[in-house]
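Reviewing the structure listed below.
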Amino acid sequence: MPISTIANCSGKAALRQRGFTLVEILVVVTLVAVFAAVLIPNLHIGSERELDQGAVRLQELLVAVGEQSVFSGELLGVRLKEDRIEAMRFDPEAQKFVPFGGDSRAGLGSWDLGDDLRLSWELEKVEQDGGSSPFTAGFGLVEAAEARLTAGEKDDDKDSRPQLFFFPSGEATPAHFKLELIGSDRMPVELELDALSRATLIKDEEE
């Protein structure tokens, strides 16, 4: 076979080999696009499910702390951060709030929200109605107790104590919460804690 013919054959083989490589790349790119189209919506749905589950977990934690305070007769609290929630109890000997301990209180420990969820909150005042309603009876005592717990505290004490107090009487510090999914267009899930330790998820009007 002439040398020129051999060279032509080698060139055609190289072109065919190069063409197969390009086709393979196109196939891979197409498959990646297809998988991305399938997986990304599922990831989005999974993240929104995480937000809903987080809101329910927050609700259950607040209710559990309130019930534990009533059943045990202890003064309890919840320390709030934007990425962490920690249940606490008042230690009479140390005269300060400390984290929960022991196996029996494992369910009332701390909760790290992770990288996707963020919490914001606003403490609320109890609206008095002159004492005509049984639901507002004694709330002045609760506010007085909170003032006593926080009076004269140092900055270190303020940073380590809870913002929410739960009393054995069944009363608690009212607050409004928003749990947000970072990077999502979805509206935050809102929750109310009233002065009777009732935690209620606020339903979206569109639902």
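Within each chain, counting starts at residue 1; across the structure tokens, chains are named A, B, ... in the order shown, with ligands numbered 1 upward in that order.
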
Next on the checklist: Would you pick out the contacts of range 178-193 of chain A at 6 Å or less, using only C-alpha atoms, so that residues sharing its chain but fewer than 2 positions from it are not included, and give the list as an MDAnalysis selection string?
Outcome noted: chainID A and resid 116:120 174:176 198:202

Near Ala172 in chain A, counting only C-alpha atoms, which residues have an atom at most 9 Å away, once you skip same-chain residues fewer than 2 positions from it, shown as a VMD selection string?
-> chain A and resid 66 77 139 142 164 to 167 169 to 170 174 193 to 198

In Å and to one decimal, CA of Val98 in chain A is distant from CA of Glu74 in chain A by 12.3 Å

d(CA of Arg161 in chain A, CA of Leu62 in chain A) in Å
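Rounded to one decimal, the two atoms are 16.3 Å apart.
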
Among A:Thr173, A:Leu113, A:Lys203, A:Glu50, Glu82 in chain A is approached most closely, using only C-alpha atoms, by A:Leu113

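Of the listed residues (A:Glu171, A:Glu60, A:Glu86, A:Asp52), A:Glu86 comes nearest to Ser110 in chain A; the distances count only C-alpha atoms.
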
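Shortest atom-to-atom contact with Met88 in chain A among A:Arg57, A:Phe71, A:Gln163, A:Asp112: A:Gln163, counting only C-alpha atoms.
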
Exercise for the section: Measuring atom to atom with only C-alpha atoms, identify which of A:Val78, A:Val70, A:Val63, A:Leu51 is nearest to Gly114 in chain A. Expected result: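 Looking at the shortest contact to Gly114 in chain A, the residue is A:Leu51.
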